[in-house]
There are 2 protein chains.
Amino acid sequence: MKDITSKLIDLFKQGYCTPQISRIAKKLKEPSTTIHYNIKKLERDGLVRSYKAVFDHKKIDEGYCVYVLISLSPDEYGNPEKVAKELAKHVQIESVDICTGDCEIILKVRVKDQNEYYQLVKTVISRKGIIKIKSLTSLKQIKSECITL
Amino acid sequence: MKDITSKLIDLFKQGYCTPQISRIAKKLKEPSTTIHYNIKKLERDGLVRSYKAVFDHKKIDEGYCVYVLISLSPDEYGNPEKVAKELAKHVQIESVDICTGDCEIILKVRVKDQNEYYQLVKTVISRKGIIKIKSLTSLKQIKSECITL
DNA sequence: AAAGATAATTGAATAATATTCAACCAAATA
DNA sequence: TATTTGGTTGAATATTATTCAATTATCTTT
């Protein structure tokens, strides 16, 4: 048996989806050519970056979700983007924001369990320049990516 | 002129997209029927919740992004889901998580600007049961919904 | 306000794609 | 090892996206 499932999940995280023009046309009661034209415009103008799947994260071994508030040391403080871009490379890190307020960087992390999170903190999040990490663990996701669960 | 753009954006937040089977088939070098079968299985088993668009939020009047840490008063403390579900109803609130640690609920909010955020805090986030709100404003999004910007 | 240019809407024709089906093969189970 | 269940696949069909050309609306310039 080929393990196509995990390959599909990886592709769907990036994109590999497309709008359902005829369904939208019926919904909005407009000709499908009009819908087609308007969608292409959205894409051309860059309002839409990608079309992708939204998962039930518990079912794809990403049930452990943590918001990570990161404080930088004074020497890295002026250039948070360097650290942020480095962190963004990791697939377990869903989002990376540079912030104002109590911390300089906020991550949203999805991993399988607490142990995998611990490994991630040890190997990628803890690094030179980061002086403080506060983990806010999600006990229950009520809404995610605009979709109420 | 019909304002189809905003209707499309609304639909794409919920879904109204679908996988590109033939493109995936070429990518993975498998017959499209095999890909079709495996995708239907993913959907049937509930690993995939929806297919949707990812936006350039700055271009759709959602350029102001805030993480909101909410503390509940002792009387609501034992039942955070009630408050969480109420908050989840609002389209500007992208995600709602019930948390452990410094706060009970974390929101990710997307609005046009600071003023619209102020309105949201006044009218929906501030309510009975919420005793403390800490706003962490995103200055720059490096990665969002798994997509590096 | 008129003329010209550009952008948006649309139906008909075509191209591309998803879906169904039946046959076959692999894996698990008893 | 016989039997059932789940996965793979090619050929046929159904559905859907895309292209194109014509039409209409909107914006720009004078």
# chains A, B, ... in the order shown; residues from 1 in each chain; ligands from 1
>>> closest_atom_pairs(of="chain B", to="chain D", cutoff="10 Å", atoms="only C-alpha atoms (C1' of nucleotides)", output="tab-separated table")
residue	atom	partner	partner_atom	distance
B:Met1	CA	D:DA25	C1'	7.1
B:Glu30	CA	D:DT9	C1'	9.7
B:Pro31	CA	D:DT9	C1'	7.1
B:Ser32	CA	D:DT9	C1'	9.1
B:Thr33	CA	D:DT9	C1'	7.0
B:Thr34	CA	D:DT8	C1'	6.1
B:Ile35	CA	D:DT8	C1'	9.8
B:Tyr37	CA	D:DG7	C1'	8.5
B:Asn38	CA	D:DG7	C1'	8.8
>>> residues_around(residues="Ser6 of chain B", least_positions_apart="4", cutoff="9 Å", atoms="only C-alpha atoms (C1' of nucleotides)", output="PyMOL selection string")
chain B and resi 10-11+60
>>> closest_atom_pairs(of="chain B", to="chain A", cutoff="8 Å", atoms="only C-alpha atoms", output="tab-separated table")
residue	atom	partner	partner_atom	distance
B:Ile4	CA	A:Asn38	CA	7.0
B:Thr5	CA	A:Asn38	CA	6.7
B:Leu8	CA	A:Ile39	CA	7.7
B:Leu11	CA	A:Ile24	CA	8.0
B:Lys13	CA	A:Cys146	CA	6.6
B:Gln14	CA	A:Ile147	CA	6.7
B:Tyr16	CA	A:Gln20	CA	5.6
B:Cys17	CA	A:Pro19	CA	4.1
B:Thr18	CA	A:Cys17	CA	5.3
B:Pro19	CA	A:Cys17	CA	4.1
B:Gln20	CA	A:Cys17	CA	5.0
B:Arg23	CA	A:Tyr16	CA	7.4
B:Ile24	CA	A:Tyr16	CA	6.9
B:Ile35	CA	A:Ile4	CA	7.7
B:Asn38	CA	A:Thr5	CA	6.7
B:Ile39	CA	A:Leu8	CA	7.7
B:Leu42	CA	A:Thr5	CA	7.4
B:Gly46	CA	A:Asp56	CA	6.9
B:Leu47	CA	A:Asp56	CA	5.2
B:Val48	CA	A:Phe55	CA	4.5
B:Arg49	CA	A:Phe55	CA	5.2
B:Ser50	CA	A:Val54	CA	5.2
B:Tyr51	CA	A:Ala53	CA	4.2
B:Lys52	CA	A:Tyr51	CA	5.5
B:Ala53	CA	A:Tyr51	CA	4.2
B:Val54	CA	A:Ser50	CA	5.2
B:Phe55	CA	A:Val48	CA	4.5
B:Asp56	CA	A:Leu47	CA	5.2
B:His57	CA	A:Leu47	CA	7.5
B:Lys59	CA	A:Leu47	CA	5.6
B:Ile60	CA	A:Leu47	CA	6.5
B:Glu81	CA	A:Ile142	CA	7.9
B:Ala84	CA	A:Ile142	CA	6.8
B:Lys85	CA	A:Ile142	CA	6.6
B:Ala88	CA	A:Lys143	CA	6.1
B:Val91	CA	A:Cys146	CA	7.3
B:Ile93	CA	A:Cys146	CA	7.3
B:Glu94	CA	A:Cys146	CA	4.5
B:Ser95	CA	A:Ser144	CA	4.5
B:Val96	CA	A:Lys143	CA	4.9
B:Asp97	CA	A:Gln141	CA	4.6
B:Ile98	CA	A:Lys140	CA	5.1
B:Cys99	CA	A:Ser138	CA	4.5
B:Thr100	CA	A:Thr137	CA	5.6
B:Gly101	CA	A:Leu136	CA	5.7
B:Asp102	CA	A:Leu136	CA	7.3
B:Ser135	CA	A:Gly101	CA	7.8
B:Leu136	CA	A:Gly101	CA	5.7
B:Thr137	CA	A:Cys99	CA	5.6
B:Ser138	CA	A:Cys99	CA	4.5
B:Leu139	CA	A:Cys99	CA	5.2
B:Lys140	CA	A:Ile98	CA	5.1
B:Gln141	CA	A:Asp97	CA	4.6
B:Ile142	CA	A:Val96	CA	5.3
B:Lys143	CA	A:Ser95	CA	4.7
B:Ser144	CA	A:Ser95	CA	4.4
B:Glu145	CA	A:Glu94	CA	5.6
B:Cys146	CA	A:Glu94	CA	4.5
B:Ile147	CA	A:Gln14	CA	6.8
B:Thr148	CA	A:Ala88	CA	7.0
>>> closest_atom_pairs(of="chain C", to="chain B", cutoff="9 Å", atoms="only C-alpha atoms (C1' of nucleotides)", output="JSON lines")
{"residue": "C:DA8", "atom": "C1'", "partner": "B:Met1", "partner_atom": "CA", "distance": 7.1}
{"residue": "C:DT9", "atom": "C1'", "partner": "B:Met1", "partner_atom": "CA", "distance": 8.8}
{"residue": "C:DT17", "atom": "C1'", "partner": "B:Ser22", "partner_atom": "CA", "distance": 7.1}
{"residue": "C:DA18", "atom": "C1'", "partner": "B:Ile21", "partner_atom": "CA", "distance": 7.7}
{"residue": "C:DT19", "atom": "C1'", "partner": "B:His36", "partner_atom": "CA", "distance": 8.6}
>>> select_by_dssp(residues="segment 57-105 of chain B", states="strand (DSSP E or B)", output="NGL selection string")
:B and (64-72 or 93-100 or 105)
>>> write_last_selection(atoms="N, CA and C atoms", output="PDB file, in the first residue's frame")
ATOM      1  N   TYR B  64      -5.011  44.847  10.064  1.00  0.00           N
ATOM      2  CA  TYR B  64      -4.700  45.016  11.487  1.00  0.00           C
ATOM      3  C   TYR B  64      -4.999  43.707  12.225  1.00  0.00           C
ATOM      4  N   CYS B  65      -3.945  43.064  12.669  1.00  0.00           N
ATOM      5  CA  CYS B  65      -4.080  41.739  13.295  1.00  0.00           C
ATOM      6  C   CYS B  65      -3.634  41.789  14.752  1.00  0.00           C
ATOM      7  N   VAL B  66      -4.477  41.271  15.637  1.00  0.00           N
ATOM      8  CA  VAL B  66      -4.193  41.327  17.077  1.00  0.00           C
ATOM      9  C   VAL B  66      -4.441  39.965  17.732  1.00  0.00           C
ATOM     10  N   TYR B  67      -3.512  39.578  18.568  1.00  0.00           N
ATOM     11  CA  TYR B  67      -3.748  38.434  19.458  1.00  0.00           C
ATOM     12  C   TYR B  67      -4.280  38.994  20.768  1.00  0.00           C
ATOM     13  N   VAL B  68      -5.405  38.461  21.226  1.00  0.00           N
ATOM     14  CA  VAL B  68      -6.054  38.995  22.424  1.00  0.00           C
ATOM     15  C   VAL B  68      -6.059  37.929  23.519  1.00  0.00           C
ATOM     16  N   LEU B  69      -5.417  38.254  24.631  1.00  0.00           N
ATOM     17  CA  LEU B  69      -5.399  37.338  25.774  1.00  0.00           C
ATOM     18  C   LEU B  69      -6.464  37.785  26.767  1.00  0.00           C
ATOM     19  N   ILE B  70      -7.397  36.902  27.044  1.00  0.00           N
ATOM     20  CA  ILE B  70      -8.555  37.250  27.861  1.00  0.00           C
ATOM     21  C   ILE B  70      -8.533  36.488  29.188  1.00  0.00           C
ATOM     22  N   SER B  71      -8.729  37.239  30.286  1.00  0.00           N
ATOM     23  CA  SER B  71      -8.888  36.612  31.600  1.00  0.00           C
ATOM     24  C   SER B  71     -10.346  36.713  32.027  1.00  0.00           C
ATOM     25  N   LEU B  72     -10.859  35.623  32.558  1.00  0.00           N
ATOM     26  CA  LEU B  72     -12.264  35.596  32.965  1.00  0.00           C
ATOM     27  C   LEU B  72     -12.410  35.865  34.453  1.00  0.00           C
ATOM     28  N   ILE B  93     -13.175  37.648  14.223  1.00  0.00           N
ATOM     29  CA  ILE B  93     -12.398  36.785  15.112  1.00  0.00           C
ATOM     30  C   ILE B  93     -12.077  35.489  14.378  1.00  0.00           C
ATOM     31  N   GLU B  94     -10.815  35.366  13.968  1.00  0.00           N
ATOM     32  CA  GLU B  94     -10.397  34.246  13.124  1.00  0.00           C
ATOM     33  C   GLU B  94     -10.292  32.952  13.902  1.00  0.00           C
ATOM     34  N   SER B  95      -9.787  33.054  15.146  1.00  0.00           N
ATOM     35  CA  SER B  95      -9.668  31.840  15.952  1.00  0.00           C
ATOM     36  C   SER B  95      -9.947  32.130  17.416  1.00  0.00           C
ATOM     37  N   VAL B  96     -10.456  31.106  18.089  1.00  0.00           N
ATOM     38  CA  VAL B  96     -10.763  31.184  19.523  1.00  0.00           C
ATOM     39  C   VAL B  96     -10.244  29.910  20.173  1.00  0.00           C
ATOM     40  N   ASP B  97      -9.346  30.072  21.145  1.00  0.00           N
ATOM     41  CA  ASP B  97      -8.812  28.928  21.866  1.00  0.00           C
ATOM     42  C   ASP B  97      -9.033  29.093  23.364  1.00  0.00           C
ATOM     43  N   ILE B  98      -9.399  28.015  24.003  1.00  0.00           N
ATOM     44  CA  ILE B  98      -9.448  27.996  25.469  1.00  0.00           C
ATOM     45  C   ILE B  98      -8.089  27.513  25.960  1.00  0.00           C
ATOM     46  N   CYS B  99      -7.503  28.276  26.881  1.00  0.00           N
ATOM     47  CA  CYS B  99      -6.096  28.083  27.211  1.00  0.00           C
ATOM     48  C   CYS B  99      -5.830  27.814  28.676  1.00  0.00           C
ATOM     49  N   THR B 100      -4.605  27.382  28.896  1.00  0.00           N
ATOM     50  CA  THR B 100      -4.079  27.269  30.239  1.00  0.00           C
ATOM     51  C   THR B 100      -2.917  28.247  30.353  1.00  0.00           C
ATOM     52  N   ILE B 105      -8.705  32.556  27.554  1.00  0.00           N
ATOM     53  CA  ILE B 105      -9.092  32.512  26.135  1.00  0.00           C
ATOM     54  C   ILE B 105      -8.091  33.330  25.312  1.00  0.00           C
TER      55      ILE B 105
END
>>> select_by_dssp(residues="chain B", states="alpha helix (DSSP H)", output="ChimeraX atom specification")
/B:4-14,21-28,32-44,74-77,80-88,114-120
>>> atom_distance(atom1="atom CA of Gly129 of chain A", atom2="atom CA of Glu86 of chain A")
12.1 Å
>>> atom_distance(atom1="atom CA of Asn115 of chain A", atom2="atom CA of Ile130 of chain A")
21.0 Å
>>> atom_distance(atom1="atom CA of Asp61 of chain A", atom2="atom CA of Lys112 of chain A")
4.7 Å
>>> residues_around(residues="Leu120 of chain B", least_positions_apart="2", cutoff="10 Å", atoms="only C-alpha atoms (C1' of nucleotides)", output="number ranges by chain")
B: 90, 92-93, 109, 111, 114-118, 122-126
>>> write_last_selection(atoms="N, CA, C and O atoms", output="PDB file, in the first residue's frame")
ATOM      1  N   HIS B  90     -18.315  35.965  15.666  1.00  0.00           N
ATOM      2  CA  HIS B  90     -17.963  37.182  14.931  1.00  0.00           C
ATOM      3  C   HIS B  90     -16.919  36.920  13.837  1.00  0.00           C
ATOM      4  O   HIS B  90     -15.897  36.292  14.106  1.00  0.00           O
ATOM      5  N   GLN B  92     -14.800  38.822  12.445  1.00  0.00           N
ATOM      6  CA  GLN B  92     -13.479  39.427  12.608  1.00  0.00           C
ATOM      7  C   GLN B  92     -12.567  38.573  13.486  1.00  0.00           C
ATOM      8  O   GLN B  92     -11.366  38.779  13.518  1.00  0.00           O
ATOM      9  N   ILE B  93     -13.175  37.648  14.223  1.00  0.00           N
ATOM     10  CA  ILE B  93     -12.398  36.785  15.112  1.00  0.00           C
ATOM     11  C   ILE B  93     -12.077  35.489  14.378  1.00  0.00           C
ATOM     12  O   ILE B  93     -12.950  34.655  14.170  1.00  0.00           O
ATOM     13  N   VAL B 109      -7.565  38.141  16.006  1.00  0.00           N
ATOM     14  CA  VAL B 109      -8.546  39.061  15.420  1.00  0.00           C
ATOM     15  C   VAL B 109      -7.952  39.716  14.181  1.00  0.00           C
ATOM     16  O   VAL B 109      -6.767  40.077  14.176  1.00  0.00           O
ATOM     17  N   VAL B 111      -8.909  42.913  11.651  1.00  0.00           N
ATOM     18  CA  VAL B 111      -9.782  44.030  11.278  1.00  0.00           C
ATOM     19  C   VAL B 111      -9.002  44.990  10.380  1.00  0.00           C
ATOM     20  O   VAL B 111      -7.816  44.786  10.120  1.00  0.00           O
ATOM     21  N   GLN B 114      -6.786  50.219  13.541  1.00  0.00           N
ATOM     22  CA  GLN B 114      -6.843  50.349  14.991  1.00  0.00           C
ATOM     23  C   GLN B 114      -8.226  50.782  15.477  1.00  0.00           C
ATOM     24  O   GLN B 114      -8.725  50.294  16.488  1.00  0.00           O
ATOM     25  N   ASN B 115      -8.849  51.672  14.704  1.00  0.00           N
ATOM     26  CA  ASN B 115     -10.170  52.156  15.101  1.00  0.00           C
ATOM     27  C   ASN B 115     -11.207  51.030  15.081  1.00  0.00           C
ATOM     28  O   ASN B 115     -12.018  50.906  16.001  1.00  0.00           O
ATOM     29  N   GLU B 116     -11.137  50.213  14.038  1.00  0.00           N
ATOM     30  CA  GLU B 116     -12.092  49.110  13.956  1.00  0.00           C
ATOM     31  C   GLU B 116     -11.846  48.107  15.089  1.00  0.00           C
ATOM     32  O   GLU B 116     -12.782  47.497  15.605  1.00  0.00           O
ATOM     33  N   TYR B 117     -10.582  47.965  15.475  1.00  0.00           N
ATOM     34  CA  TYR B 117     -10.269  47.084  16.600  1.00  0.00           C
ATOM     35  C   TYR B 117     -10.850  47.647  17.891  1.00  0.00           C
ATOM     36  O   TYR B 117     -11.433  46.909  18.700  1.00  0.00           O
ATOM     37  N   TYR B 118     -10.719  48.941  18.042  1.00  0.00           N
ATOM     38  CA  TYR B 118     -11.275  49.610  19.229  1.00  0.00           C
ATOM     39  C   TYR B 118     -12.786  49.389  19.315  1.00  0.00           C
ATOM     40  O   TYR B 118     -13.332  49.081  20.381  1.00  0.00           O
ATOM     41  N   LYS B 122     -14.782  47.373  22.277  1.00  0.00           N
ATOM     42  CA  LYS B 122     -15.888  48.015  23.007  1.00  0.00           C
ATOM     43  C   LYS B 122     -17.166  47.200  22.923  1.00  0.00           C
ATOM     44  O   LYS B 122     -17.851  46.974  23.921  1.00  0.00           O
ATOM     45  N   THR B 123     -17.507  46.755  21.678  1.00  0.00           N
ATOM     46  CA  THR B 123     -18.842  46.184  21.469  1.00  0.00           C
ATOM     47  C   THR B 123     -18.916  44.684  21.693  1.00  0.00           C
ATOM     48  O   THR B 123     -19.937  44.183  22.131  1.00  0.00           O
ATOM     49  N   VAL B 124     -17.856  43.938  21.378  1.00  0.00           N
ATOM     50  CA  VAL B 124     -18.011  42.486  21.531  1.00  0.00           C
ATOM     51  C   VAL B 124     -17.062  41.854  22.533  1.00  0.00           C
ATOM     52  O   VAL B 124     -17.471  40.955  23.267  1.00  0.00           O
ATOM     53  N   ILE B 125     -15.815  42.316  22.574  1.00  0.00           N
ATOM     54  CA  ILE B 125     -14.882  41.615  23.462  1.00  0.00           C
ATOM     55  C   ILE B 125     -15.130  41.988  24.920  1.00  0.00           C
ATOM     56  O   ILE B 125     -15.123  41.120  25.798  1.00  0.00           O
ATOM     57  N   SER B 126     -15.367  43.280  25.189  1.00  0.00           N
ATOM     58  CA  SER B 126     -15.674  43.673  26.563  1.00  0.00           C
ATOM     59  C   SER B 126     -17.099  43.251  26.915  1.00  0.00           C
ATOM     60  O   SER B 126     -18.040  43.703  26.290  1.00  0.00           O
TER      61      SER B 126
END
>>> decode(residues="segment 5-20 of chain D", atoms="N, CA and C atoms (P, O5', C5', C4', C3', O3' and C1' of nucleotides)", output="short mmCIF file (atom, residue, chain, number, x, y, z; two decimals), in the first residue's frame")
data_model
loop_
_atom_site.label_atom_id
_atom_site.label_comp_id
_atom_site.auth_asym_id
_atom_site.auth_seq_id
_atom_site.Cartn_x
_atom_site.Cartn_y
_atom_site.Cartn_z
P DT D 5 -16.91 -7.74 4.89
"O5'" DT D 5 -15.77 -6.62 4.92
"C5'" DT D 5 -14.70 -6.69 5.89
"C4'" DT D 5 -13.52 -5.88 5.38
"C3'" DT D 5 -13.92 -4.54 4.73
"O3'" DT D 5 -13.26 -3.50 5.43
"C1'" DT D 5 -12.34 -5.71 3.40
P DG D 6 -13.44 -1.94 5.01
"O5'" DG D 6 -12.06 -1.64 4.29
"C5'" DG D 6 -10.83 -2.02 4.90
"C4'" DG D 6 -9.69 -1.71 3.95
"C3'" DG D 6 -9.79 -0.33 3.30
"O3'" DG D 6 -8.50 0.24 3.28
"C1'" DG D 6 -9.67 -2.00 1.63
P DG D 7 -8.20 1.64 2.59
"O5'" DG D 7 -7.47 1.20 1.25
"C5'" DG D 7 -6.13 0.68 1.33
"C4'" DG D 7 -5.61 0.45 -0.08
"C3'" DG D 7 -5.51 1.71 -0.94
"O3'" DG D 7 -4.19 1.76 -1.47
"C1'" DG D 7 -6.74 0.02 -2.08
P DT D 8 -3.75 2.90 -2.47
"O5'" DT D 8 -3.97 2.22 -3.88
"C5'" DT D 8 -3.12 1.15 -4.27
"C4'" DT D 8 -3.44 0.74 -5.70
"C3'" DT D 8 -3.33 1.85 -6.74
"O3'" DT D 8 -2.35 1.46 -7.70
"C1'" DT D 8 -5.33 0.61 -7.02
P DT D 9 -1.86 2.50 -8.76
"O5'" DT D 9 -2.89 2.29 -9.95
"C5'" DT D 9 -2.93 1.02 -10.60
"C4'" DT D 9 -4.11 0.98 -11.56
"C3'" DT D 9 -4.21 2.17 -12.52
"O3'" DT D 9 -3.71 1.76 -13.78
"C1'" DT D 9 -6.33 1.37 -11.74
P DG D 10 -3.43 2.82 -14.92
"O5'" DG D 10 -4.61 2.43 -15.93
"C5'" DG D 10 -4.83 1.05 -16.26
"C4'" DG D 10 -5.99 0.91 -17.23
"C3'" DG D 10 -6.08 1.95 -18.34
"O3'" DG D 10 -6.62 1.30 -19.49
"C1'" DG D 10 -7.99 2.15 -16.92
P DA D 11 -6.98 2.04 -20.83
"O5'" DA D 11 -8.58 2.14 -20.77
"C5'" DA D 11 -9.36 0.95 -20.59
"C4'" DA D 11 -10.84 1.30 -20.70
"C3'" DA D 11 -11.20 2.29 -21.81
"O3'" DA D 11 -12.46 1.92 -22.35
"C1'" DA D 11 -11.83 3.20 -19.72
P DA D 12 -13.28 2.91 -23.32
"O5'" DA D 12 -14.40 3.50 -22.36
"C5'" DA D 12 -15.44 2.65 -21.88
"C4'" DA D 12 -16.50 3.51 -21.21
"C3'" DA D 12 -17.15 4.57 -22.10
"O3'" DA D 12 -18.56 4.55 -21.89
"C1'" DA D 12 -16.20 5.61 -20.20
P DT D 13 -19.52 5.63 -22.58
"O5'" DT D 13 -19.75 6.69 -21.42
"C5'" DT D 13 -20.20 6.24 -20.14
"C4'" DT D 13 -20.26 7.44 -19.22
"C3'" DT D 13 -21.04 8.64 -19.76
"O3'" DT D 13 -22.13 8.85 -18.89
"C1'" DT D 13 -18.97 9.32 -18.79
P DA D 14 -23.16 10.05 -19.14
"O5'" DA D 14 -22.70 11.08 -18.01
"C5'" DA D 14 -22.47 10.61 -16.69
"C4'" DA D 14 -21.95 11.76 -15.86
"C3'" DA D 14 -22.75 13.06 -16.03
"O3'" DA D 14 -22.99 13.56 -14.73
"C1'" DA D 14 -20.46 13.45 -16.54
P DT D 15 -23.80 14.92 -14.50
"O5'" DT D 15 -22.66 15.98 -14.17
"C5'" DT D 15 -21.64 15.61 -13.25
"C4'" DT D 15 -20.53 16.62 -13.33
"C3'" DT D 15 -21.00 18.08 -13.27
"O3'" DT D 15 -20.48 18.58 -12.05
"C1'" DT D 15 -19.28 17.77 -14.89
P DT D 16 -20.68 20.11 -11.61
"O5'" DT D 16 -19.37 20.77 -12.22
"C5'" DT D 16 -18.09 20.24 -11.90
"C4'" DT D 16 -17.05 21.05 -12.63
"C3'" DT D 16 -17.32 22.55 -12.59
"O3'" DT D 16 -16.28 23.14 -11.86
"C1'" DT D 16 -16.75 21.82 -14.78
P DA D 17 -15.99 24.68 -11.85
"O5'" DA D 17 -14.89 24.85 -12.99
"C5'" DA D 17 -13.60 24.32 -12.79
"C4'" DA D 17 -12.72 24.59 -14.00
"C3'" DA D 17 -12.32 26.04 -14.17
"O3'" DA D 17 -10.94 26.04 -14.51
"C1'" DA D 17 -13.44 25.28 -16.13
P DT D 18 -10.14 27.44 -14.67
"O5'" DT D 18 -10.27 27.75 -16.22
"C5'" DT D 18 -9.68 26.83 -17.14
"C4'" DT D 18 -9.99 27.28 -18.55
"C3'" DT D 18 -9.67 28.75 -18.83
"O3'" DT D 18 -8.60 28.74 -19.75
"C1'" DT D 18 -11.77 28.10 -19.76
P DT D 19 -7.90 30.10 -20.25
"O5'" DT D 19 -8.58 30.33 -21.68
"C5'" DT D 19 -8.68 29.24 -22.59
"C4'" DT D 19 -9.57 29.63 -23.77
"C3'" DT D 19 -9.31 31.03 -24.32
"O3'" DT D 19 -9.01 30.89 -25.70
"C1'" DT D 19 -11.63 30.65 -23.99
P DC D 20 -8.44 32.09 -26.61
"O5'" DC D 20 -9.75 32.68 -27.30
"C5'" DC D 20 -10.67 31.78 -27.92
"C4'" DC D 20 -11.95 32.53 -28.26
"C3'" DC D 20 -11.73 33.99 -28.66
"O3'" DC D 20 -12.22 34.18 -29.97
"C1'" DC D 20 -13.52 33.76 -27.11
#
